[in-house]
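Peer 1: Here it is: the structure, laid out below.
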Amino acid sequence: MSLSLDKSIRLRAGAVLLLTSSIFVLDLLTPLGWADWLLYFIPLVLTLQSPRDRDSYNFAAVVTLLTALGGYFSPRDIHPAVALMNRVLGLMVMWGVTWMIVRQKQARSQLVGARAAQAQAEAGREAAVAARELAEASATGAIHRESQATRELLLSSLRLDGIVQSAMDAIITSDDRMQILLFNEAAERMFLTPTREAIGQSVDRFLPARFREAHRHHVEEFGRSRVTSRKMGQLGKVMGLRANGEEFPVEAAISHIVVEGKTFYTVILRDITERLRAEEHLRDIEERSRLALEAGQLGAWEHDVATGLVELDARARAIYRCDTGVTLGAMLDFVHPEDLHVLQNLIASAHRHDSPDSRFTAECRMRYPDGEVRWMVVRAQMFFEGEGANRRATRIVGTTQDVTARKRVEQLIRQSEERYRRLIAVSPYGILVIRADRIIFANDQALKLFGAVKAEEIVGRSPFELFHPDCHDAMHARAGELLGGSQGVPMVEERIMKQDGTPMDVEVSSAGFSDEEGPAILVMLRDISERKRLQDRLRKTERIAELGTVASGMAHEIGTPMNVILGRAEYLMDRVTDETVKKGLQTIVAQVERITRVMNQLLAFARRKSPERGPLALRDVIENSVEMFQERLVKSQVQVEMQLDEACPKVQADADQMNQVLINLIMNAIHAMPDGGQLLIGMSPADDMVKLTVADTGHGIPQEVIARVFDPFFTTKEFGKGTGLGLTVVKGIIEEHHGSIAAESQEGKGTTFTILLPKSG
Amino acid sequence: MVENRPSVLVVEDDGEMRSLLRDGLWSEGYDLREAEDADEAFLSVLRAVPDLIITEIRLSAGGVDYINRLRLFVPHSPIIVMTAFGDEKLKVAVLRAGATAYFSKPVHLAELRSCVKQLLDAGRQTAMKKVVMPEGVR
């Protein structure tokens with residue numbers, strides 16, 4: 001091999017020598033003006049290809065000599081000075097070119113070294129691969145070759161060794177049996193294994209067990225392929241195994257070279273644990289902010305003040321219905337015209353260098369071309385450069401959130417509130433809210449129930465001041481129950497004290513609730529005094545009806561025995577002469593008559609037919625009734641005075657029943673005035689009613705019994721005179737006529753009954 | 001004189017009441033017959049038509065209907081109806097059914113006696129046919 005190399009050099013040197021001498025002869029033979037000497041450049045170029053730098057210089061020196069000789073001996077056709085000048089200039093150029101090319105050659109070889117070093121320092125992929133190839137060649141050469149070229153390659157190998165050892169990446173070369181041949185310092189650090197231990201070991205040692213088989217297979221596959229190298233990352237992520245058992249991710253580049261039938265693999269490994277971690281971290285951050293935007297339904301945008309353009313993300317684009325990279329004005333195209341100036345003002349004021357706050361938040365509506373209106377919340381921050389008066393806004397970064405759903409809910413809440421407010425206002429129930437034993441709210445109806453005009457009369461007071469003392473215990477118990485978490489308590493009847501001190505029966509329902517201010521009680525009150533009154537009346541009516549039924553049944557049973565008693569007494573009376581016996585028999589007869597009267601009254605009450613009401617001139621009834629009593633009135637020395645208003649309308653009433661009413665009242669009056677007196681009967685219109693008064697100047701009724709005069713069997717008359725049913729019947733009749741009756745009396749001065757009857761029509 | 005003694009039928013379920021009426025009317029010299037209920041009354045009437053009937057109305061098989069039927073049997077004799085605490089409605093119904101007079105118990109013996117007397121006298125005077133209602137009874 002060294003022989004063939006030598007031969008080719010000699011052959012080339014001979015060619016150069018022949019060519020040079022030919023040119024010299026030509027130069028000698030041609031006139032001076034012919035610039036055949038320029039042909040020396042051809043052999044010069046050949047010599048420049050020589051690996052030895054001095055060959056070029058030697059040849060340049062020979063050419064100089066030959067040019068000078070040629071110039072001297074050539075036939076002269078031009079001035080020798082001009083020729084000399086030409087040749088000197090040409091030689092200078094030649095020397096310059098030679099020097100430059102040689103220098104360039106030197107520089108190039110230096111540059112290769114410098115580039116490799118630089119590539120290693122930067123740990124660039126391309127440089128590393130180049131270095132690796134060099135390293136392979138060198139390593140392969142170092143071990144397997146012994147030739148002339150070895151010397152140069154060894155030099156290169158030494159240089160590369162420096163590079164390999166100082167490389168940031170781990171470089172490992174192995175043979176086809178996976179025995180490690182080369183293991184650099186970075187590999188030592190990476191695998192925590194000294195080179196001397198690694199050399200000769202299997203590559204497997206540095207792979208996690210589960211990858212070994214796959215790796216071997218993979219490498220062999222690669223070795224058979226025609227691909228000589230795969231760059232970093234092409235192999236994907238590979239796991240490495242440190243001496244301490246720790247696994248770590250690496251990025252690998254692999255190349256293989258076949259030398260004399262043997263395959264050598266060189267792997268460049270980079271520990272990417274840190275990078276993966278950093279990438280992971282970055283991904284996390286990106287994901288988090290994406291999720292935050294997503295979760296907040298936020299569209300993000302950024303306005304560059306200098307260009308006037310806005311960058312929008314997908315959601316912001318959807319909100320503003322525009323593309324990214326549009327002007328601020330275009331972005332705000334679909335903002336509702338009524339809200340647009342608000343937004344513009346905010347942006348403008350944030351722009352000013354003296355604005356106190358670089359952030360702003362605004363609510364605005366979007367009105368899309370299809371007519372849809374949606375609510376947005378815009379939050380933005382200005383970024384500035386410069387200070388004080390020189391401060392200039394550079395960009396605005398903002399988010400826009402679609403809050404239509406929230407707005408809708410707010411609106412629904414407002415509507416609902418309004419509904420409940422109205423409901424409370426028009427509620428027939430009095431409503432109170434009580435917190436910490438104080439009334440904090442009372443609706444209008446509640447004020448009315450308590451007889452209050454202004455809310456202050458009720459609100460702020462304790463509920464115990466407003467309820468009858470009899471209810472306080474129950475109220476305490478109920479409040480305890482409600483504040484203790486019970487949802488509701490049964491409805492109860494209680495008594496409130498109105499502002500004027502009069503009691504009123506109410507129905508109370510209450511419920512506990514809790515808000516941010518704490519537990520409270522909601523109380524609803526209903527006036528049930530009317531209901532109570534009706535209930536009372538109904539109870540009384542029922543009692544009387546029952547009484548009537550009993551009386552009817554009883555009448556039949558006692559009628560015959562009474563007749564027997566009466567008849568026997570009368571029969572005997574006709575047959576005795578003894579006055580004492582006769583008197584006794586008379587008493588029996590009188591008592592039976594009395595029982596008969598009571599029974600008849602009772603039966604009249606029980607059997608009273610449903611009235612046949614029609615327009616009735618009460619005056620006629622009054623006059624008829626008084627007429628009936630004429631004889632008794634005269635006998636009792638009772639004067640009758642009638643004040644009957646001529647203009648009084650007719651009443652809607654049953655004549656027989658009205659007659660009964662007057663008979664009973666006149667009878668009562670006569671009984672009340674055993675020593676004579678005055679009976680005053682009055683009649684006058686009163687709104688929709690007709691007022692009828694029957695007054696006497698008799699002994700009167702004590703205050704404690706006046707309320708009971710209408711009760712059945714209640715009588716003040718002396719034994720034997722009253723049935724105790726007269727006024728009960730009167731009241732029954734009047735109430736059946738939808739009228740009312742009241743009694744007023746002053747002891748010793750007399751009694752007045754006032755009847756109100758609805759007028760006819 | 002048997003022909004001259006008017007016959008009076010007393011229909012009453014209460015023994016004491018019957019006894020009282022018997023005693024009360026005895027002195028008037030009537031031919032008194034008694035019945036305890038409606039059925040007995042009809043039997044009695046079928047045997048011999050009385051000149052006057054005094055009857056309670058609340059009897060077994062009694063009532064306004066009973067007065068109606070009784071009137072069919074005795075078209076010409078006065079019928080005095082009595083009942084314990086009777087009311088106006090009953091009075092009207094009974095009179096419409098053919099009763100001659102109506103009394104609500106308790107009734108004074110004297111009143112009853114005079115009513116019976118008047119009715120019998122009136123019957124006799126009108127020669128069997130004509131019945132004149134005594135004033136104040138209806």
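Residues are referred to by chain and number: the chain letter is A, B, ... according to the order shown in the structure tokens, the number counts from 1 in that chain, and ligands are numbered separately from 1 in the order shown.
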If we count only C-alpha atoms, what is near Asp31 in chain B at a cut-off of 8 Å, once residues fewer than 2 positions away on the same chain are taken out, given as a PDB file with C-alpha atoms, in the first residue's frame?
Peer 2:
ATOM      1  CA  ARG B   5    -178.646   8.901  75.552  1.00  0.00           C
ATOM      2  CA  PRO B   6    -176.057   9.986  72.994  1.00  0.00           C
ATOM      3  CA  SER B   7    -173.236   7.545  72.489  1.00  0.00           C
ATOM      4  CA  VAL B   8    -169.668   8.819  72.740  1.00  0.00           C
ATOM      5  CA  GLY B  29    -175.188  11.091  80.948  1.00  0.00           C
ATOM      6  CA  ARG B  33    -167.633   3.442  74.880  1.00  0.00           C
TER       7      ARG B  33
END
Peer 1: Give one line per residue of chain A that approaches chain B to at most 8 Å, naming the two atoms of the closest pair and their distance in Å to one decimal, counting only C-alpha atoms; sort by chain then ascending residue number and deliver it as a tab-separated table.
Peer 2:
residue	atom	partner	partner_atom	distance
A:Ala555	CA	B:Phe85	CA	6.0
A:His556	CA	B:Ala84	CA	5.1
A:Glu557	CA	B:Ala84	CA	7.7
A:Ile558	CA	B:Ala84	CA	7.5
A:Gly559	CA	B:Ala84	CA	4.3
A:Thr560	CA	B:Ala84	CA	5.9
A:Pro561	CA	B:Met17	CA	7.7
A:Met562	CA	B:Pro106	CA	6.0
A:Asn563	CA	B:Pro106	CA	4.1
A:Val564	CA	B:Met17	CA	5.6
A:Leu566	CA	B:His108	CA	7.1
A:Gly567	CA	B:Leu109	CA	5.7
A:Arg568	CA	B:Leu20	CA	6.6
A:Glu570	CA	B:Leu109	CA	7.0
A:Tyr571	CA	B:Gly24	CA	6.6
A:Thr596	CA	B:Pro106	CA	7.4
A:Met599	CA	B:Phe85	CA	7.9
A:Asn600	CA	B:Phe85	CA	7.2
Peer 1: Excluding Thr20 in chain A and any residue of its chain fewer than 6 positions from it, enumerate the residues within 10 Å of it, using only C-alpha atoms, and give them as a ChimeraX atom specification.
Peer 2: /A:14,26,37,39-44,59,62-63,66
Peer 1: List the spatial neighbours of Tyr66 in chain B as a list in words - criterion: any atom at most 9 Å away, only C-alpha atoms, same-chain residues fewer than 3 positions off excluded.
Peer 2: Ala38, Ile57, Ala61, Gly62, Gly63, Arg69, Leu70, Arg71 and Ala97 of chain B
Peer 1: Within chain B, find each residue whose DSSP state, derived from the backbone, is strand (DSSP E or B), and express the selection as a list in words.
Peer 2: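 Assigned to strand (DSSP E or B), within chain B: Ser7, Val8, Leu9, Val10, Val11, Asp31, Leu32, Arg33, Glu34, Ala35, Leu52, Ile53, Ile54, Thr55, Glu56, Ile79, Ile80, Val81, Met82, Thr83, Ala84, Ala101, Tyr102, Phe103, Ser104 and Lys105 of chain B.
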Peer 1: Export N, CA and C atoms of the chosen residues as a PDB file, in the first residue's frame?
Peer 2:
ATOM      1  N   SER B   7    -174.401   8.408  72.278  1.00  0.00           N
ATOM      2  CA  SER B   7    -173.236   7.545  72.489  1.00  0.00           C
ATOM      3  C   SER B   7    -171.943   8.280  72.097  1.00  0.00           C
ATOM      4  N   VAL B   8    -170.983   8.153  72.984  1.00  0.00           N
ATOM      5  CA  VAL B   8    -169.668   8.819  72.740  1.00  0.00           C
ATOM      6  C   VAL B   8    -168.566   7.749  72.793  1.00  0.00           C
ATOM      7  N   LEU B   9    -167.767   7.708  71.740  1.00  0.00           N
ATOM      8  CA  LEU B   9    -166.640   6.745  71.708  1.00  0.00           C
ATOM      9  C   LEU B   9    -165.352   7.486  72.050  1.00  0.00           C
ATOM     10  N   VAL B  10    -164.660   6.996  73.072  1.00  0.00           N
ATOM     11  CA  VAL B  10    -163.362   7.577  73.465  1.00  0.00           C
ATOM     12  C   VAL B  10    -162.247   6.622  73.006  1.00  0.00           C
ATOM     13  N   VAL B  11    -161.409   7.138  72.146  1.00  0.00           N
ATOM     14  CA  VAL B  11    -160.266   6.326  71.680  1.00  0.00           C
ATOM     15  C   VAL B  11    -158.992   6.937  72.273  1.00  0.00           C
ATOM     16  N   ASP B  31    -173.647   7.753  76.716  1.00  0.00           N
ATOM     17  CA  ASP B  31    -173.357   6.322  76.646  1.00  0.00           C
ATOM     18  C   ASP B  31    -171.911   6.202  76.188  1.00  0.00           C
ATOM     19  N   LEU B  32    -171.022   5.955  77.137  1.00  0.00           N
ATOM     20  CA  LEU B  32    -169.581   6.005  76.837  1.00  0.00           C
ATOM     21  C   LEU B  32    -169.047   4.651  76.405  1.00  0.00           C
ATOM     22  N   ARG B  33    -168.342   4.644  75.318  1.00  0.00           N
ATOM     23  CA  ARG B  33    -167.633   3.442  74.880  1.00  0.00           C
ATOM     24  C   ARG B  33    -166.157   3.794  74.728  1.00  0.00           C
ATOM     25  N   GLU B  34    -165.321   2.777  74.881  1.00  0.00           N
ATOM     26  CA  GLU B  34    -163.878   3.072  74.868  1.00  0.00           C
ATOM     27  C   GLU B  34    -163.151   2.168  73.866  1.00  0.00           C
ATOM     28  N   ALA B  35    -162.089   2.678  73.341  1.00  0.00           N
ATOM     29  CA  ALA B  35    -161.198   1.862  72.487  1.00  0.00           C
ATOM     30  C   ALA B  35    -159.755   2.273  72.778  1.00  0.00           C
ATOM     31  N   LEU B  52    -170.716  10.619  68.684  1.00  0.00           N
ATOM     32  CA  LEU B  52    -169.521  11.497  68.700  1.00  0.00           C
ATOM     33  C   LEU B  52    -168.297  10.662  69.034  1.00  0.00           C
ATOM     34  N   ILE B  53    -167.182  11.038  68.428  1.00  0.00           N
ATOM     35  CA  ILE B  53    -165.933  10.321  68.726  1.00  0.00           C
ATOM     36  C   ILE B  53    -164.903  11.308  69.270  1.00  0.00           C
ATOM     37  N   ILE B  54    -164.303  10.969  70.392  1.00  0.00           N
ATOM     38  CA  ILE B  54    -163.154  11.733  70.906  1.00  0.00           C
ATOM     39  C   ILE B  54    -161.946  10.804  70.730  1.00  0.00           C
ATOM     40  N   THR B  55    -160.975  11.287  70.006  1.00  0.00           N
ATOM     41  CA  THR B  55    -159.841  10.365  69.753  1.00  0.00           C
ATOM     42  C   THR B  55    -158.481  11.058  69.816  1.00  0.00           C
ATOM     43  N   GLU B  56    -157.559  10.328  70.369  1.00  0.00           N
ATOM     44  CA  GLU B  56    -156.126  10.728  70.297  1.00  0.00           C
ATOM     45  C   GLU B  56    -155.700  10.401  68.867  1.00  0.00           C
ATOM     46  N   ILE B  79    -166.186  14.328  65.052  1.00  0.00           N
ATOM     47  CA  ILE B  79    -164.949  13.683  65.551  1.00  0.00           C
ATOM     48  C   ILE B  79    -164.102  14.763  66.210  1.00  0.00           C
ATOM     49  N   ILE B  80    -163.805  14.578  67.507  1.00  0.00           N
ATOM     50  CA  ILE B  80    -162.926  15.518  68.222  1.00  0.00           C
ATOM     51  C   ILE B  80    -161.547  14.846  68.317  1.00  0.00           C
ATOM     52  N   VAL B  81    -160.554  15.557  67.787  1.00  0.00           N
ATOM     53  CA  VAL B  81    -159.197  14.999  67.805  1.00  0.00           C
ATOM     54  C   VAL B  81    -158.388  15.702  68.888  1.00  0.00           C
ATOM     55  N   MET B  82    -157.636  14.906  69.656  1.00  0.00           N
ATOM     56  CA  MET B  82    -156.765  15.472  70.695  1.00  0.00           C
ATOM     57  C   MET B  82    -155.355  14.914  70.474  1.00  0.00           C
ATOM     58  N   THR B  83    -154.391  15.756  70.777  1.00  0.00           N
ATOM     59  CA  THR B  83    -153.011  15.234  70.765  1.00  0.00           C
ATOM     60  C   THR B  83    -152.137  16.095  71.649  1.00  0.00           C
ATOM     61  N   ALA B  84    -151.067  15.487  72.176  1.00  0.00           N
ATOM     62  CA  ALA B  84    -150.195  16.206  73.111  1.00  0.00           C
ATOM     63  C   ALA B  84    -149.411  17.259  72.350  1.00  0.00           C
ATOM     64  N   ALA B 101    -163.423  18.887  65.478  1.00  0.00           N
ATOM     65  CA  ALA B 101    -162.733  19.817  66.385  1.00  0.00           C
ATOM     66  C   ALA B 101    -161.358  19.263  66.732  1.00  0.00           C
ATOM     67  N   TYR B 102    -160.517  20.168  67.205  1.00  0.00           N
ATOM     68  CA  TYR B 102    -159.129  19.760  67.478  1.00  0.00           C
ATOM     69  C   TYR B 102    -158.697  20.377  68.796  1.00  0.00           C
ATOM     70  N   PHE B 103    -158.126  19.576  69.688  1.00  0.00           N
ATOM     71  CA  PHE B 103    -157.604  20.081  70.961  1.00  0.00           C
ATOM     72  C   PHE B 103    -156.168  19.636  71.138  1.00  0.00           C
ATOM     73  N   SER B 104    -155.382  20.582  71.677  1.00  0.00           N
ATOM     74  CA  SER B 104    -154.000  20.240  72.003  1.00  0.00           C
ATOM     75  C   SER B 104    -153.951  19.937  73.482  1.00  0.00           C
ATOM     76  N   LYS B 105    -153.458  18.755  73.830  1.00  0.00           N
ATOM     77  CA  LYS B 105    -153.331  18.409  75.256  1.00  0.00           C
ATOM     78  C   LYS B 105    -152.259  19.277  75.861  1.00  0.00           C
TER      79      LYS B 105
END
Peer 1: Pick out the residues sitting within 12 Å of range 624-633 of chain A, and hand them over as a ChimeraX atom specification; count only C-alpha atoms, and ignore anything fewer than 4 positions along from it in its own chain.
Peer 2: /A:617-620,637-642,655-671,673-681,694
Peer 1: Store the residues picked out above in a file with C-alpha atoms, as a PDB file, in the first residue's frame.
Peer 2:
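Result saved to again.pdb:
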ATOM      1  CA  ALA A 617    -143.974  47.893  56.161  1.00  0.00           C
ATOM      2  CA  LEU A 618    -142.785  47.527  59.724  1.00  0.00           C
ATOM      3  CA  ARG A 619    -145.112  50.358  60.794  1.00  0.00           C
ATOM      4  CA  ASP A 620    -148.191  48.145  60.236  1.00  0.00           C
ATOM      5  CA  GLN A 637    -150.600  51.885  83.301  1.00  0.00           C
ATOM      6  CA  VAL A 638    -148.043  51.904  80.533  1.00  0.00           C
ATOM      7  CA  GLN A 639    -148.090  54.791  78.129  1.00  0.00           C
ATOM      8  CA  VAL A 640    -147.066  54.064  74.610  1.00  0.00           C
ATOM      9  CA  GLU A 641    -145.135  56.566  72.539  1.00  0.00           C
ATOM     10  CA  MET A 642    -144.331  55.785  68.927  1.00  0.00           C
ATOM     11  CA  ALA A 655    -144.683  39.501  58.908  1.00  0.00           C
ATOM     12  CA  ASP A 656    -145.593  36.723  61.383  1.00  0.00           C
ATOM     13  CA  GLN A 657    -142.079  36.546  62.744  1.00  0.00           C
ATOM     14  CA  MET A 658    -141.827  40.324  63.087  1.00  0.00           C
ATOM     15  CA  ASN A 659    -145.126  40.193  64.916  1.00  0.00           C
ATOM     16  CA  GLN A 660    -143.688  37.573  67.243  1.00  0.00           C
ATOM     17  CA  VAL A 661    -140.610  39.742  67.820  1.00  0.00           C
ATOM     18  CA  LEU A 662    -142.709  42.742  68.769  1.00  0.00           C
ATOM     19  CA  ILE A 663    -145.059  40.699  70.935  1.00  0.00           C
ATOM     20  CA  ASN A 664    -142.130  39.285  72.876  1.00  0.00           C
ATOM     21  CA  LEU A 665    -140.442  42.678  73.278  1.00  0.00           C
ATOM     22  CA  ILE A 666    -143.649  44.490  74.306  1.00  0.00           C
ATOM     23  CA  MET A 667    -144.430  41.698  76.736  1.00  0.00           C
ATOM     24  CA  ASN A 668    -140.978  42.032  78.228  1.00  0.00           C
ATOM     25  CA  ALA A 669    -141.447  45.781  78.549  1.00  0.00           C
ATOM     26  CA  ILE A 670    -144.772  45.373  80.296  1.00  0.00           C
ATOM     27  CA  HIS A 671    -143.249  42.870  82.694  1.00  0.00           C
ATOM     28  CA  MET A 673    -142.808  48.013  84.391  1.00  0.00           C
ATOM     29  CA  PRO A 674    -145.185  46.444  86.950  1.00  0.00           C
ATOM     30  CA  ASP A 675    -145.869  49.886  88.362  1.00  0.00           C
ATOM     31  CA  GLY A 676    -146.447  51.554  85.038  1.00  0.00           C
ATOM     32  CA  GLY A 677    -144.121  53.597  82.857  1.00  0.00           C
ATOM     33  CA  GLN A 678    -143.485  54.510  79.308  1.00  0.00           C
ATOM     34  CA  LEU A 679    -142.991  52.284  76.304  1.00  0.00           C
ATOM     35  CA  LEU A 680    -141.145  53.969  73.464  1.00  0.00           C
ATOM     36  CA  ILE A 681    -141.164  52.349  70.067  1.00  0.00           C
ATOM     37  CA  VAL A 694    -138.190  49.200  71.883  1.00  0.00           C
TER      38      VAL A 694
END
Peer 1: Name all residues at most 9 Å from Leu182 in chain A (count only C-alpha atoms; drop same-chain ones fewer than 2 positions away) and give them as a list in words.
Peer 2: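 Neighbouring residues, sequence-local ones excluded: Ala139, Ile171, Ile172, Thr173, Ser174, Ile180, Asn184, Thr195, Ala198, Ile199, Gly200 and Thr266 of chain A.
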Peer 1: Could you save those same residues with C-alpha atoms as a PDB file, in the first residue's frame?
Peer 2:
ATOM      1  CA  ALA A 139     -11.005   4.109  17.589  1.00  0.00           C
ATOM      2  CA  ILE A 171     -20.274   8.547  24.103  1.00  0.00           C
ATOM      3  CA  ILE A 172     -20.029   4.796  24.107  1.00  0.00           C
ATOM      4  CA  THR A 173     -18.632   2.587  21.387  1.00  0.00           C
ATOM      5  CA  SER A 174     -19.196  -1.122  21.368  1.00  0.00           C
ATOM      6  CA  ILE A 180     -17.818  -1.651  25.334  1.00  0.00           C
ATOM      7  CA  ASN A 184     -16.094   8.796  27.879  1.00  0.00           C
ATOM      8  CA  THR A 195     -14.189   3.919  32.410  1.00  0.00           C
ATOM      9  CA  ALA A 198     -16.973  -0.111  31.828  1.00  0.00           C
ATOM     10  CA  ILE A 199     -14.493  -1.124  29.105  1.00  0.00           C
ATOM     11  CA  GLY A 200     -14.986  -4.734  28.075  1.00  0.00           C
ATOM     12  CA  THR A 266     -21.271   4.272  18.683  1.00  0.00           C
TER      13      THR A 266
END
Peer 1: Might you pull out every residue within 7 Å of Leu309 in chain A, with only C-alpha atoms counted and same-chain residues fewer than 3 positions away left off, and present them as a ChimeraX atom specification?
Peer 2: /A:303-304,325-328
Peer 1: Write the residues you've just listed into a file as a PDB file, in the first residue's frame, and include N, CA and C atoms for each of them.
Peer 2:
ATOM      1  N   HIS A 303     -54.079  43.310  23.455  1.00  0.00           N
ATOM      2  CA  HIS A 303     -54.067  44.420  22.501  1.00  0.00           C
ATOM      3  C   HIS A 303     -52.681  45.068  22.518  1.00  0.00           C
ATOM      4  N   ASP A 304     -52.084  45.108  21.346  1.00  0.00           N
ATOM      5  CA  ASP A 304     -50.783  45.754  21.247  1.00  0.00           C
ATOM      6  C   ASP A 304     -51.029  47.201  20.834  1.00  0.00           C
ATOM      7  N   GLY A 325     -55.943  39.243  15.421  1.00  0.00           N
ATOM      8  CA  GLY A 325     -55.154  40.181  14.622  1.00  0.00           C
ATOM      9  C   GLY A 325     -55.990  41.285  14.003  1.00  0.00           C
ATOM     10  N   VAL A 326     -57.108  41.620  14.625  1.00  0.00           N
ATOM     11  CA  VAL A 326     -57.922  42.728  14.117  1.00  0.00           C
ATOM     12  C   VAL A 326     -57.689  43.963  14.981  1.00  0.00           C
ATOM     13  N   THR A 327     -58.263  45.075  14.579  1.00  0.00           N
ATOM     14  CA  THR A 327     -58.109  46.287  15.387  1.00  0.00           C
ATOM     15  C   THR A 327     -59.056  46.202  16.573  1.00  0.00           C
ATOM     16  N   LEU A 328     -58.758  47.040  17.571  1.00  0.00           N
ATOM     17  CA  LEU A 328     -59.591  47.063  18.774  1.00  0.00           C
ATOM     18  C   LEU A 328     -61.032  47.415  18.402  1.00  0.00           C
TER      19      LEU A 328
END
Peer 1: List as JSON lines every residue of range 475-589 of chain A that is in contact with range 601-608 of chain A, defined as an atom at most 8 Å from one of its atoms (using only C-alpha atoms), together with the nearest atom pair and the distance in Å rounded to one decimal, sorted by chain and then rising number.
Peer 2:
{"residue": "A:Ile544", "atom": "CA", "partner": "A:Ala606", "partner_atom": "CA", "distance": 7.9}
{"residue": "A:Ala545", "atom": "CA", "partner": "A:Ala606", "partner_atom": "CA", "distance": 6.5}
{"residue": "A:Leu547", "atom": "CA", "partner": "A:Ala606", "partner_atom": "CA", "distance": 7.5}
{"residue": "A:Gly548", "atom": "CA", "partner": "A:Ala606", "partner_atom": "CA", "distance": 4.1}
{"residue": "A:Thr549", "atom": "CA", "partner": "A:Ala606", "partner_atom": "CA", "distance": 6.7}
{"residue": "A:Ala551", "atom": "CA", "partner": "A:Leu603", "partner_atom": "CA", "distance": 6.5}
{"residue": "A:Ser552", "atom": "CA", "partner": "A:Leu603", "partner_atom": "CA", "distance": 6.3}
Peer 1: Where does DSSP see helix (DSSP H, G or I) in range 328-453 of chain A, if you list the residues as a ChimeraX atom specification?
Peer 2: /A:328-334,337-351,388-390,404-426,444-449
